[in-house]
file final-v7.pdb (PDB, C-alpha atoms)
ATOM      1  CA  MET A 702      12.748 -59.678  21.721
ATOM      2  CA  ASN A 703       9.629 -57.804  20.690
ATOM      3  CA  LYS A 704       9.766 -56.357  17.161
ATOM      4  CA  TRP A 705       7.532 -53.386  18.066
ATOM      5  CA  ILE A 706       9.977 -52.442  20.825
ATOM      6  CA  TYR A 707      12.852 -52.563  18.328
ATOM      7  CA  ILE A 708      10.939 -50.221  16.039
ATOM      8  CA  PHE A 709      10.098 -47.910  18.923
ATOM      9  CA  ILE A 710      13.749 -47.703  20.045
ATOM     10  CA  MET A 711      14.839 -46.879  16.494
ATOM     11  CA  PHE A 712      12.218 -44.126  16.397
ATOM     12  CA  VAL A 713      13.207 -42.543  19.727
ATOM     13  CA  VAL A 714      16.937 -42.490  18.931
ATOM     14  CA  THR A 715      16.416 -41.132  15.404
ATOM     15  CA  TYR A 716      13.966 -38.448  16.497
ATOM     16  CA  LEU A 717      16.143 -37.212  19.371
ATOM     17  CA  ILE A 718      19.121 -36.785  17.015
ATOM     18  CA  ARG A 719      16.997 -34.648  14.719
ATOM     19  CA  VAL A 720      14.924 -32.670  17.169
ATOM     20  CA  LEU A 721      17.415 -31.690  19.888
ATOM     21  CA  PRO A 722      19.654 -29.321  17.873
ATOM     22  CA  LEU A 723      16.655 -27.788  16.083
ATOM     23  CA  THR A 724      14.804 -27.019  19.311
ATOM     24  CA  LEU A 725      17.730 -26.248  21.640
ATOM     25  CA  ILE A 726      19.842 -24.019  19.370
ATOM     26  CA  ARG A 727      17.615 -20.984  18.873
ATOM     27  CA  LYS A 728      20.390 -18.397  18.538
ATOM     28  CA  LYS A 729      22.507 -17.479  15.566
ATOM     29  CA  LEU A 730      25.989 -18.874  16.135
ATOM     30  CA  LYS A 731      28.615 -16.115  16.039
ATOM     31  CA  ASN A 732      31.842 -18.113  15.786
ATOM     32  CA  THR A 733      33.246 -17.798  12.249
ATOM     33  CA  PHE A 734      34.688 -21.309  12.198
ATOM     34  CA  ILE A 735      31.410 -22.920  13.226
ATOM     35  CA  ARG A 736      29.398 -20.784  10.812
ATOM     36  CA  SER A 737      31.742 -21.652   7.932
ATOM     37  CA  PHE A 738      31.763 -25.316   8.914
ATOM     38  CA  LEU A 739      27.971 -25.515   8.920
ATOM     39  CA  TYR A 740      27.789 -23.622   5.635
ATOM     40  CA  TYR A 741      29.935 -26.283   3.937
ATOM     41  CA  VAL A 742      28.361 -29.347   5.630
ATOM     42  CA  PRO A 743      25.364 -29.850   3.307
ATOM     43  CA  TYR A 744      27.398 -29.747   0.088
ATOM     44  CA  VAL A 745      30.173 -31.939   1.430
ATOM     45  CA  THR A 746      27.842 -34.543   2.925
ATOM     46  CA  LEU A 747      25.712 -34.759  -0.233
ATOM     47  CA  SER A 748      28.853 -35.125  -2.359
ATOM     48  CA  VAL A 749      30.193 -37.873  -0.127
ATOM     49  CA  MET A 750      26.856 -39.701  -0.294
ATOM     50  CA  THR A 751      26.502 -39.347  -4.076
ATOM     51  CA  PHE A 752      29.821 -40.681  -5.276
ATOM     52  CA  PRO A 753      30.697 -43.534  -5.586
ATOM     53  CA  ALA A 754      27.321 -44.746  -4.217
ATOM     54  CA  ILE A 755      25.582 -43.890  -7.513
ATOM     55  CA  LEU A 756      27.731 -46.542  -9.213
ATOM     56  CA  HIS A 757      26.309 -49.275  -6.996
ATOM     57  CA  ALA A 758      22.684 -48.101  -7.056
ATOM     58  CA  THR A 759      22.055 -49.382 -10.579
ATOM     59  CA  MET A 760      22.375 -52.798 -12.187
ATOM     60  CA  SER A 761      25.440 -51.749 -14.173
ATOM     61  CA  LYS A 762      28.269 -49.367 -13.250
ATOM     62  CA  THR A 763      28.267 -47.973 -16.782
ATOM     63  CA  SER A 764      24.734 -46.623 -16.531
ATOM     64  CA  GLY A 765      25.542 -45.244 -13.070
ATOM     65  CA  ILE A 766      28.612 -43.312 -14.160
ATOM     66  CA  ILE A 767      26.996 -41.978 -17.342
ATOM     67  CA  SER A 768      23.959 -40.699 -15.447
ATOM     68  CA  PHE A 769      26.327 -39.169 -12.868
ATOM     69  CA  ILE A 770      28.297 -37.245 -15.517
ATOM     70  CA  VAL A 771      25.315 -36.211 -17.628
ATOM     71  CA  GLY A 772      23.432 -35.184 -14.456
ATOM     72  CA  ILE A 773      26.319 -32.882 -13.498
ATOM     73  CA  ILE A 774      26.397 -31.336 -16.973
ATOM     74  CA  ALA A 775      22.625 -30.820 -16.978
ATOM     75  CA  ALA A 776      22.687 -29.213 -13.524
ATOM     76  CA  TRP A 777      25.630 -27.011 -14.537
ATOM     77  CA  PHE A 778      23.569 -25.663 -17.423
ATOM     78  CA  GLY A 779      20.632 -24.879 -15.183
ATOM     79  CA  ALA A 780      18.336 -27.933 -15.207
ATOM     80  CA  ASN A 781      16.194 -28.008 -12.035
ATOM     81  CA  LEU A 782      15.803 -30.801  -9.464
ATOM     82  CA  PHE A 783      13.064 -32.632 -11.275
ATOM     83  CA  LYS A 784      14.732 -32.440 -14.708
ATOM     84  CA  VAL A 785      18.090 -33.692 -13.463
ATOM     85  CA  ALA A 786      16.456 -36.599 -11.623
ATOM     86  CA  LEU A 787      14.357 -37.448 -14.679
ATOM     87  CA  ILE A 788      17.370 -37.309 -17.014
ATOM     88  CA  CYS A 789      19.351 -39.638 -14.730
ATOM     89  CA  CYS A 790      16.503 -42.175 -14.419
ATOM     90  CA  THR A 791      15.785 -42.174 -18.153
ATOM     91  CA  LEU A 792      19.460 -42.631 -19.019
ATOM     92  CA  VAL A 793      19.788 -45.607 -16.690
ATOM     93  CA  PHE A 794      16.654 -47.214 -18.084
ATOM     94  CA  VAL A 795      17.687 -46.739 -21.722
ATOM     95  CA  ILE A 796      21.335 -47.741 -21.252
ATOM     96  CA  GLU A 797      20.421 -50.857 -19.281
ATOM     97  CA  TYR A 798      17.851 -51.795 -21.884
ATOM     98  CA  PHE A 799      20.749 -52.250 -24.296
ATOM     99  CA  ILE A 800      23.544 -53.580 -22.133
ATOM    100  CA  VAL A 801      22.006 -55.636 -19.329
TER     101      VAL A 801
ATOM    102  CA  MET B1170       6.908 -13.964   5.811
ATOM    103  CA  GLU B1171       3.712 -14.397   7.764
ATOM    104  CA  TYR B1172       2.850 -17.739   9.268
ATOM    105  CA  LYS B1173      -0.438 -18.194   7.511
ATOM    106  CA  PHE B1174      -1.090 -20.786   4.862
ATOM    107  CA  GLY B1175      -2.794 -18.260   2.556
ATOM    108  CA  LYS B1176       0.342 -16.100   2.442
ATOM    109  CA  ASN B1177       2.518 -19.090   1.594
ATOM    110  CA  LYS B1178       0.367 -20.992  -0.867
ATOM    111  CA  ASN B1179       2.715 -20.570  -3.835
ATOM    112  CA  ILE B1180       5.782 -21.629  -1.917
ATOM    113  CA  PHE B1181       3.841 -24.612  -0.539
ATOM    114  CA  PHE B1182       2.957 -25.827  -4.027
ATOM    115  CA  LEU B1183       6.532 -25.260  -5.164
ATOM    116  CA  GLY B1184       7.495 -27.651  -2.369
ATOM    117  CA  VAL B1185       4.859 -30.146  -3.514
ATOM    118  CA  ARG B1186       6.407 -30.048  -6.997
ATOM    119  CA  ASP B1187      10.004 -30.344  -5.783
ATOM    120  CA  GLY B1188       8.842 -33.329  -3.747
ATOM    121  CA  ILE B1189       8.019 -35.358  -6.888
ATOM    122  CA  PRO B1190      11.568 -36.498  -7.779
ATOM    123  CA  ILE B1191      12.141 -37.140  -4.081
ATOM    124  CA  ALA B1192       9.010 -39.273  -3.952
ATOM    125  CA  LEU B1193      10.103 -41.310  -6.990
ATOM    126  CA  GLY B1194      13.509 -41.947  -5.505
ATOM    127  CA  TYR B1195      12.004 -42.701  -2.092
ATOM    128  CA  PHE B1196       9.604 -45.199  -3.572
ATOM    129  CA  ALA B1197      12.420 -47.106  -5.269
ATOM    130  CA  VAL B1198      14.696 -47.102  -2.228
ATOM    131  CA  SER B1199      12.002 -47.849   0.336
ATOM    132  CA  PHE B1200      10.611 -50.596  -1.888
ATOM    133  CA  SER B1201      13.901 -52.461  -1.626
ATOM    134  CA  LEU B1202      14.003 -51.603   2.079
ATOM    135  CA  GLY B1203      10.572 -53.252   2.415
ATOM    136  CA  ILE B1204      11.856 -56.439   0.821
ATOM    137  CA  MET B1205      14.685 -56.398   3.334
ATOM    138  CA  ALA B1206      12.262 -55.775   6.227
ATOM    139  CA  THR B1207      10.374 -58.969   5.351
ATOM    140  CA  LYS B1208      13.619 -60.916   5.217
ATOM    141  CA  SER B1209      14.463 -59.574   8.696
ATOM    142  CA  GLY B1210      11.206 -61.010  10.022
ATOM    143  CA  LEU B1211       9.010 -57.901  10.105
ATOM    144  CA  SER B1212       5.401 -57.961   8.922
ATOM    145  CA  PRO B1213       4.328 -55.485   6.200
ATOM    146  CA  LEU B1214       2.501 -53.480   8.893
ATOM    147  CA  GLN B1215       5.642 -53.305  11.027
ATOM    148  CA  ALA B1216       7.659 -52.256   7.975
ATOM    149  CA  LEU B1217       5.129 -49.491   7.262
ATOM    150  CA  VAL B1218       5.166 -48.226  10.846
ATOM    151  CA  ALA B1219       8.979 -48.393  11.012
ATOM    152  CA  SER B1220       9.301 -46.237   7.888
ATOM    153  CA  PHE B1221       6.594 -43.820   9.016
ATOM    154  CA  LEU B1222       8.354 -43.347  12.365
ATOM    155  CA  ASN B1223      11.962 -43.303  11.161
ATOM    156  CA  ASN B1224      12.270 -41.781   7.677
ATOM    157  CA  ALA B1225      15.883 -42.901   7.475
ATOM    158  CA  SER B1226      17.275 -45.154   4.758
ATOM    159  CA  ALA B1227      20.652 -46.095   6.225
ATOM    160  CA  GLY B1228      19.276 -46.002   9.768
ATOM    161  CA  GLU B1229      16.407 -48.347   8.969
ATOM    162  CA  TYR B1230      18.643 -50.612   6.946
ATOM    163  CA  ALA B1231      21.027 -50.887   9.897
ATOM    164  CA  GLY B1232      18.141 -51.376  12.339
ATOM    165  CA  PHE B1233      16.489 -54.115  10.269
ATOM    166  CA  SER B1234      19.760 -55.994   9.972
ATOM    167  CA  MET B1235      20.018 -55.922  13.787
ATOM    168  CA  ILE B1236      16.422 -57.160  14.110
ATOM    169  CA  ALA B1237      17.309 -60.001  11.738
ATOM    170  CA  ILE B1238      19.935 -61.266  14.193
ATOM    171  CA  SER B1239      17.770 -60.580  17.291
ATOM    172  CA  SER B1240      20.261 -58.135  18.780
ATOM    173  CA  SER B1241      19.837 -56.571  22.211
ATOM    174  CA  TYR B1242      17.830 -53.348  22.600
ATOM    175  CA  ILE B1243      21.001 -51.451  23.531
ATOM    176  CA  GLU B1244      22.780 -52.627  20.395
ATOM    177  CA  ILE B1245      20.004 -51.528  18.089
ATOM    178  CA  ALA B1246      19.972 -48.115  19.794
ATOM    179  CA  VAL B1247      23.726 -47.664  19.294
ATOM    180  CA  ILE B1248      23.636 -48.810  15.662
ATOM    181  CA  THR B1249      20.742 -46.452  14.941
ATOM    182  CA  LEU B1250      22.673 -43.603  16.568
ATOM    183  CA  ILE B1251      25.753 -44.250  14.425
ATOM    184  CA  ALA B1252      23.869 -44.745  11.177
ATOM    185  CA  ASN B1253      21.911 -41.529  11.717
ATOM    186  CA  ALA B1254      24.581 -39.325  13.306
ATOM    187  CA  ARG B1255      24.820 -37.135  10.216
ATOM    188  CA  TYR B1256      21.312 -35.863  10.960
ATOM    189  CA  LEU B1257      22.772 -34.230  14.059
ATOM    190  CA  LEU B1258      24.990 -32.098  11.804
ATOM    191  CA  MET B1259      22.106 -31.338   9.472
ATOM    192  CA  SER B1260      19.884 -30.400  12.379
ATOM    193  CA  ILE B1261      22.527 -27.986  13.726
ATOM    194  CA  ALA B1262      22.986 -26.502  10.257
ATOM    195  CA  LEU B1263      19.235 -26.106   9.817
ATOM    196  CA  SER B1264      18.847 -24.515  13.278
ATOM    197  CA  GLN B1265      20.789 -21.539  11.890
ATOM    198  CA  ARG B1266      18.215 -21.013   9.179
ATOM    199  CA  ILE B1267      15.050 -21.278  11.270
ATOM    200  CA  ARG B1268      13.408 -17.970  12.129
ATOM    201  CA  LYS B1269      12.939 -17.343  15.829
ATOM    202  CA  ASP B1270       9.180 -16.897  15.473
ATOM    203  CA  THR B1271       8.664 -20.284  13.814
ATOM    204  CA  PRO B1272       6.034 -22.097  15.926
ATOM    205  CA  LEU B1273       7.375 -25.052  17.942
ATOM    206  CA  HIS B1274       4.963 -27.566  16.428
ATOM    207  CA  HIS B1275       6.261 -26.666  12.953
ATOM    208  CA  ILE B1276       9.809 -27.355  14.133
ATOM    209  CA  LEU B1277       8.740 -30.671  15.654
ATOM    210  CA  ILE B1278       7.228 -31.769  12.331
ATOM    211  CA  ILE B1279      10.244 -30.660  10.277
ATOM    212  CA  ALA B1280      12.572 -32.493  12.686
ATOM    213  CA  HIS B1281      10.672 -35.727  12.134
ATOM    214  CA  LEU B1282      11.122 -35.432   8.362
ATOM    215  CA  LEU B1283      14.694 -34.141   8.401
ATOM    216  CA  THR B1284      15.977 -36.570   5.781
ATOM    217  CA  ASP B1285      18.985 -36.019   3.516
ATOM    218  CA  GLU B1286      16.715 -35.009   0.664
ATOM    219  CA  ILE B1287      14.249 -32.800   2.524
ATOM    220  CA  PHE B1288      17.121 -31.110   4.353
ATOM    221  CA  ALA B1289      18.891 -30.563   1.040
ATOM    222  CA  VAL B1290      16.009 -28.957  -0.825
ATOM    223  CA  SER B1291      15.008 -26.877   2.201
ATOM    224  CA  ILE B1292      18.475 -25.461   2.789
ATOM    225  CA  ALA B1293      19.130 -24.937  -0.930
ATOM    226  CA  ARG B1294      16.510 -22.171  -0.986
ATOM    227  CA  PRO B1295      17.741 -18.640  -0.277
ATOM    228  CA  GLY B1296      17.296 -17.038   3.144
ATOM    229  CA  ASP B1297      15.533 -18.490   6.150
ATOM    230  CA  VAL B1298      13.744 -21.802   5.802
ATOM    231  CA  ASN B1299      10.057 -21.389   5.015
ATOM    232  CA  PRO B1300       8.295 -24.273   6.816
ATOM    233  CA  TYR B1301       5.484 -24.205   4.260
ATOM    234  CA  TYR B1302       7.925 -25.084   1.495
ATOM    235  CA  THR B1303       9.192 -28.007   3.556
ATOM    236  CA  PHE B1304       5.612 -29.088   4.341
ATOM    237  CA  GLY B1305       4.885 -29.165   0.600
ATOM    238  CA  VAL B1306       7.874 -31.431   0.014
ATOM    239  CA  ILE B1307       6.832 -33.601   2.951
ATOM    240  CA  LEU B1308       3.299 -33.984   1.599
ATOM    241  CA  THR B1309       4.513 -35.616  -1.636
ATOM    242  CA  ALA B1310       7.649 -37.353  -0.436
ATOM    243  CA  SER B1311       6.749 -38.792   2.957
ATOM    244  CA  PRO B1312       3.858 -41.104   1.901
ATOM    245  CA  ALA B1313       6.068 -42.461  -0.902
ATOM    246  CA  TRP B1314       8.638 -43.491   1.689
ATOM    247  CA  ALA B1315       6.226 -45.208   4.072
ATOM    248  CA  PHE B1316       4.079 -46.900   1.421
ATOM    249  CA  GLY B1317       7.084 -47.825  -0.720
ATOM    250  CA  THR B1318       8.333 -49.842   2.248
ATOM    251  CA  PHE B1319       4.893 -51.385   2.689
ATOM    252  CA  PHE B1320       4.579 -52.404  -0.967
ATOM    253  CA  GLY B1321       8.122 -53.738  -0.965
ATOM    254  CA  ALA B1322       7.262 -55.899   2.030
ATOM    255  CA  VAL B1323       3.988 -57.117   0.484
ATOM    256  CA  ALA B1324       4.871 -57.425  -3.167
ATOM    257  CA  GLY B1325       8.607 -58.133  -3.083
ATOM    258  CA  ASN B1326       9.454 -58.977  -6.632
ATOM    259  CA  ILE B1327       6.531 -57.733  -8.707
ATOM    260  CA  LEU B1328       8.036 -54.440  -9.911
ATOM    261  CA  PRO B1329      10.374 -55.051 -12.870
ATOM    262  CA  ILE B1330      13.987 -54.833 -11.717
ATOM    263  CA  ARG B1331      14.770 -52.466 -14.618
ATOM    264  CA  LEU B1332      12.362 -49.909 -13.189
ATOM    265  CA  VAL B1333      13.755 -50.269  -9.672
ATOM    266  CA  SER B1334      17.250 -49.778 -11.060
ATOM    267  CA  ALA B1335      16.226 -46.646 -12.970
ATOM    268  CA  PHE B1336      14.303 -45.141 -10.026
ATOM    269  CA  SER B1337      17.168 -45.663  -7.663
ATOM    270  CA  VAL B1338      19.313 -42.965  -9.300
ATOM    271  CA  ALA B1339      16.573 -40.353  -8.813
ATOM    272  CA  LEU B1340      17.906 -39.517  -5.355
ATOM    273  CA  TYR B1341      21.440 -39.044  -6.627
ATOM    274  CA  GLY B1342      20.229 -36.955  -9.561
ATOM    275  CA  MET B1343      18.554 -34.740  -7.008
ATOM    276  CA  PHE B1344      21.684 -34.441  -4.888
ATOM    277  CA  ILE B1345      23.621 -33.451  -8.006
ATOM    278  CA  ALA B1346      21.028 -30.783  -8.814
ATOM    279  CA  ILE B1347      21.591 -29.276  -5.353
ATOM    280  CA  ILE B1348      25.394 -29.485  -5.233
ATOM    281  CA  ILE B1349      26.225 -28.266  -8.744
ATOM    282  CA  PRO B1350      24.546 -24.818  -8.856
ATOM    283  CA  ALA B1351      26.255 -23.929  -5.547
ATOM    284  CA  ALA B1352      29.591 -25.234  -6.853
ATOM    285  CA  LYS B1353      29.186 -23.211 -10.034
ATOM    286  CA  SER B1354      28.774 -19.935  -8.174
ATOM    287  CA  ASP B1355      31.288 -20.575  -5.354
ATOM    288  CA  LYS B1356      34.799 -21.811  -6.174
ATOM    289  CA  VAL B1357      35.405 -22.984  -2.590
ATOM    290  CA  ILE B1358      32.338 -25.213  -2.711
ATOM    291  CA  LEU B1359      33.440 -26.491  -6.112
ATOM    292  CA  SER B1360      36.827 -27.506  -4.665
ATOM    293  CA  LEU B1361      35.238 -29.115  -1.605
ATOM    294  CA  VAL B1362      32.820 -31.075  -3.814
ATOM    295  CA  ILE B1363      35.669 -32.445  -5.934
ATOM    296  CA  VAL B1364      37.702 -33.353  -2.836
ATOM    297  CA  SER B1365      34.594 -35.028  -1.354
ATOM    298  CA  PHE B1366      34.022 -37.151  -4.462
ATOM    299  CA  LEU B1367      37.676 -38.230  -4.497
ATOM    300  CA  LEU B1368      38.022 -39.063  -0.808
ATOM    301  CA  SER B1369      34.628 -40.752  -0.729
ATOM    302  CA  TYR B1370      35.762 -42.930  -3.612
ATOM    303  CA  ILE B1371      39.091 -43.774  -1.990
ATOM    304  CA  PHE B1372      37.525 -44.614   1.371
ATOM    305  CA  SER B1373      34.970 -46.898  -0.259
ATOM    306  CA  PHE B1374      37.699 -49.458  -0.986
ATOM    307  CA  ASP B1375      37.300 -52.632   1.068
ATOM    308  CA  PHE B1376      40.795 -52.040   2.421
ATOM    309  CA  PHE B1377      39.494 -49.371   4.822
ATOM    310  CA  ARG B1378      36.686 -51.526   6.211
ATOM    311  CA  ILE B1379      34.468 -48.650   7.260
ATOM    312  CA  SER B1380      30.716 -48.582   6.850
ATOM    313  CA  GLU B1381      28.911 -46.135   4.599
ATOM    314  CA  GLY B1382      27.487 -44.289   7.650
ATOM    315  CA  ILE B1383      30.822 -43.818   9.422
ATOM    316  CA  LYS B1384      32.514 -42.779   6.183
ATOM    317  CA  THR B1385      29.861 -40.120   5.565
ATOM    318  CA  ILE B1386      30.233 -38.644   9.057
ATOM    319  CA  LEU B1387      34.044 -38.711   9.142
ATOM    320  CA  LEU B1388      34.537 -37.201   5.698
ATOM    321  CA  THR B1389      31.804 -34.600   6.257
ATOM    322  CA  VAL B1390      33.396 -33.403   9.490
ATOM    323  CA  VAL B1391      36.996 -33.432   8.225
ATOM    324  CA  ILE B1392      36.411 -31.850   4.805
ATOM    325  CA  SER B1393      33.978 -29.195   6.102
ATOM    326  CA  ALA B1394      36.376 -28.351   8.951
ATOM    327  CA  LEU B1395      39.296 -27.951   6.534
ATOM    328  CA  GLY B1396      37.094 -25.749   4.358
ATOM    329  CA  ALA B1397      36.170 -23.650   7.402
ATOM    330  CA  ILE B1398      39.822 -23.292   8.478
ATOM    331  CA  PHE B1399      41.222 -22.341   5.083
ATOM    332  CA  PHE B1400      38.231 -20.536   3.617
ATOM    333  CA  PRO B1401      36.283 -18.983   6.515
ATOM    334  CA  LEU B1402      33.155 -17.069   5.555
ATOM    335  CA  LYS B1403      33.359 -13.320   5.700
ATOM    336  CA  ASN B1404      30.677 -11.518   7.673
ATOM    337  CA  GLY B1405      27.511 -11.232   5.679
ATOM    338  CA  ASP B1406      28.205 -14.291   3.539
ATOM    339  CA  SER B1407      25.318 -16.209   2.131
ATOM    340  CA  ASN B1408      24.212 -18.220   5.150
ATOM    341  CA  GLU B1409      23.041 -15.146   7.041
TER     342      GLU B1409
END

call {"tool": "encode", "arguments": {"input": "final-v7.pdb", "output": "C-alpha cells"}}
result
Amino acid sequence: MNKWIYIFIMFVVTYLIRVLPLTLIRKKLKNTFIRSFLYYVPYVTLSVMTFPAILHATMSKTSGIISFIVGIIAAWFGANLFKVALICCTLVFVIEYFIV
Amino acid sequence: MEYKFGKNKNIFFLGVRDGIPIALGYFAVSFSLGIMATKSGLSPLQALVASFLNNASAGEYAGFSMIAISSSYIEIAVITLIANARYLLMSIALSQRIRKDTPLHHILIIAHLLTDEIFAVSIARPGDVNPYYTFGVILTASPAWAFGTFFGAVAGNILPIRLVSAFSVALYGMFIAIIIPAAKSDKVILSLVIVSFLLSYIFSFDFFRISEGIKTILLTVVISALGAIFFPLKNGDSNE
C-alpha cells in the first residue's frame, strides 16, 4: 500500500464532505425545523467536543477541570477568545507545576 | 460588504488576531499528531502534506491509525468519512450564512479550512460570514497546523511535556469562549449546552463503547433536533 495514496484518499473524502454542502446549497432554507436545527448545531457540537475531552487533554484531570470552570466564568464575564484560551493554558501550566 | 480587500482590511486583521489562540492550540495538537504520524510509518514530509491537505484532527488521527495497520484503501476512506462526518453538518450550517455573491474560489478555500475552530469563530460573528475574516484566521492558524505536525514528526520529544499539556487546553478554552456568550444571551442555548455536557460525559464511559467521532455526531444530531422540535426559531431570529 502506497502511503501517498492513503494521504490522497483522506484528502479527497475530507474535502468532499466540506465542499459539497457549501457549494450545492446556495439558497436560504425555509423549513423552520431545519433552520432551528442548524442554528443549534454549532453550540451543541462544540459543547459535546469540549466536555469531558478537556479532562483528558492535560496531564492531570484537576488542572483540566479547573481550567474548564474558570474558562466558563471568564467567558461569562466577557473575556474574549484569546483571553479565555490564555487563562486556561496558564492555569494548567501553573497547577501542573505544583501537582505533577 | 464589498468584495475588495481594501474595504475589509480591519475585519481581516481581526481574523488574524482571533487566529492566534487557534494557532497555539493547533500547534500543540498537531505536534502530538506528528509524533503519531511517525509511529504510523509516515515520513515528516508525508505528515506535513497530510496535515496541509486534511486540516482535521480526529480525521487524521483515525487515518494514521489505519495507515499503521496497512488497511485497505476502502477502509481508510470509510474511517475518514465517519471521523469527519460532523463537517457535513457544519458545512450545511455555514451554507446558510454565505452571501450569494461570494465568489466560488473564496468558498472553495473556506471549505478546505472548515475546521471546528475556524467554523466556530466564523459563525460566531453576527450576520453573514465575511470571507476576509475567515481568511485572516486561516493565515495565522493554518500554518501552525501543518508545521506543528511536521515538527512533531521531526522533533518528537524535544518540547517539554508541561508546555504541550498547557497548550492543549487552548482549543477548549476557545470553544468555551464561543459557547458561553451565546448561552448567556439565549436560555435555550444555555439549556442545550448543559444537556450536551451531561450526555457527552455519560456517553464517554467505556460501557457504551462508541468512538469520540460517532459520539459527537450522534449527540449533535439528537440534541439539536430536540432543541429544534421544542424550541423552534421564530421568523427573523438571529440566524437570518

call {"tool": "atom_distance", "arguments": {"input": "final-v7.pdb", "atom1": "atom CA of A:Val714", "atom2": "atom CA of B:Thr1249"}}
result
6.8 Å

call {"tool": "resolve_selection", "arguments": {"input": "final-v7.pdb", "expression": "the PyMOL selection byres ((chain A) within 6 of (chain B))", "output": "MDAnalysis selection string"}}
result
chainID A and resid 708 712 718:720 722:723 729 734 737:739 741:742 744:746 748:749 751:753 759 776:777 782:783 785:786 789:790 793:794

call {"tool": "residues_around", "arguments": {"input": "final-v7.pdb", "residues": "B:Tyr1302", "least_positions_apart": "2", "cutoff": "7 Å", "atoms": "all atoms listed in the file", "output": "JSON, numbers by chain"}}
result
{"B": [1180, 1181, 1183, 1184, 1299, 1300, 1304, 1305, 1306]}

call {"tool": "axis_aligned_box", "arguments": {"input": "final-v7.pdb", "around": "stretch 1376-1392 of chain B", "padding_each_side": "5 Å", "output": "AutoDock Vina command-line options"}}
result
--center_x 34.1 --center_y -41.9 --center_z 6.0 --size_x 23.3 --size_y 30.2 --size_z 17.1

call {"tool": "atom_distance", "arguments": {"input": "final-v7.pdb", "atom1": "atom CA of B:Ser1311", "atom2": "atom CA of B:Tyr1195"}}
result
8.3 Å

call {"tool": "resolve_selection", "arguments": {"input": "final-v7.pdb", "expression": "the PyMOL selection byres ((chain B and resi 1319) around 12)", "output": "PDB file with C-alpha atoms, keeping the file's coordinate frame"}}
result
ATOM      1  CA  PHE B1196       9.604 -45.199  -3.572  1.00  0.00           C
ATOM      2  CA  ALA B1197      12.420 -47.106  -5.269  1.00  0.00           C
ATOM      3  CA  VAL B1198      14.696 -47.102  -2.228  1.00  0.00           C
ATOM      4  CA  SER B1199      12.002 -47.849   0.336  1.00  0.00           C
ATOM      5  CA  PHE B1200      10.611 -50.596  -1.888  1.00  0.00           C
ATOM      6  CA  SER B1201      13.901 -52.461  -1.626  1.00  0.00           C
ATOM      7  CA  LEU B1202      14.003 -51.603   2.079  1.00  0.00           C
ATOM      8  CA  GLY B1203      10.572 -53.252   2.415  1.00  0.00           C
ATOM      9  CA  ILE B1204      11.856 -56.439   0.821  1.00  0.00           C
ATOM     10  CA  MET B1205      14.685 -56.398   3.334  1.00  0.00           C
ATOM     11  CA  ALA B1206      12.262 -55.775   6.227  1.00  0.00           C
ATOM     12  CA  THR B1207      10.374 -58.969   5.351  1.00  0.00           C
ATOM     13  CA  LEU B1211       9.010 -57.901  10.105  1.00  0.00           C
ATOM     14  CA  SER B1212       5.401 -57.961   8.922  1.00  0.00           C
ATOM     15  CA  PRO B1213       4.328 -55.485   6.200  1.00  0.00           C
ATOM     16  CA  LEU B1214       2.501 -53.480   8.893  1.00  0.00           C
ATOM     17  CA  GLN B1215       5.642 -53.305  11.027  1.00  0.00           C
ATOM     18  CA  ALA B1216       7.659 -52.256   7.975  1.00  0.00           C
ATOM     19  CA  LEU B1217       5.129 -49.491   7.262  1.00  0.00           C
ATOM     20  CA  VAL B1218       5.166 -48.226  10.846  1.00  0.00           C
ATOM     21  CA  ALA B1219       8.979 -48.393  11.012  1.00  0.00           C
ATOM     22  CA  SER B1220       9.301 -46.237   7.888  1.00  0.00           C
ATOM     23  CA  PHE B1221       6.594 -43.820   9.016  1.00  0.00           C
ATOM     24  CA  PRO B1312       3.858 -41.104   1.901  1.00  0.00           C
ATOM     25  CA  ALA B1313       6.068 -42.461  -0.902  1.00  0.00           C
ATOM     26  CA  TRP B1314       8.638 -43.491   1.689  1.00  0.00           C
ATOM     27  CA  ALA B1315       6.226 -45.208   4.072  1.00  0.00           C
ATOM     28  CA  PHE B1316       4.079 -46.900   1.421  1.00  0.00           C
ATOM     29  CA  GLY B1317       7.084 -47.825  -0.720  1.00  0.00           C
ATOM     30  CA  THR B1318       8.333 -49.842   2.248  1.00  0.00           C
ATOM     31  CA  PHE B1320       4.579 -52.404  -0.967  1.00  0.00           C
ATOM     32  CA  GLY B1321       8.122 -53.738  -0.965  1.00  0.00           C
ATOM     33  CA  ALA B1322       7.262 -55.899   2.030  1.00  0.00           C
ATOM     34  CA  VAL B1323       3.988 -57.117   0.484  1.00  0.00           C
ATOM     35  CA  ALA B1324       4.871 -57.425  -3.167  1.00  0.00           C
ATOM     36  CA  GLY B1325       8.607 -58.133  -3.083  1.00  0.00           C
TER      37      GLY B1325
END

call {"tool": "closest_residue", "arguments": {"input": "final-v7.pdb", "among": "A:Leu747, A:Ile755, A:Met760, A:Leu725", "to": "A:Tyr798", "atoms": "all atoms listed in the file"}}
result
A:Met760

call {"tool": "atom_distance", "arguments": {"input": "final-v7.pdb", "atom1": "atom CA of A:Pro743", "atom2": "atom CA of A:Leu730"}}
result
16.9 Å

call {"tool": "residues_around", "arguments": {"input": "final-v7.pdb", "residues": "A:Leu756", "least_positions_apart": "2", "cutoff": "6 Å", "atoms": "all atoms listed in the file", "output": "ChimeraX atom specification"}}
result
/A:753-754,758,762,765-766

call {"tool": "write_last_selection", "arguments": {"input": "final-v7.pdb", "atoms": "C-alpha atoms", "output": "tab-separated table (two decimals), in the frame of the given file"}}
result
chain	number	residue	atom	x	y	z
A	753	PRO	CA	30.70	-43.53	-5.59
A	754	ALA	CA	27.32	-44.75	-4.22
A	758	ALA	CA	22.68	-48.10	-7.06
A	762	LYS	CA	28.27	-49.37	-13.25
A	765	GLY	CA	25.54	-45.24	-13.07
A	766	ILE	CA	28.61	-43.31	-14.16
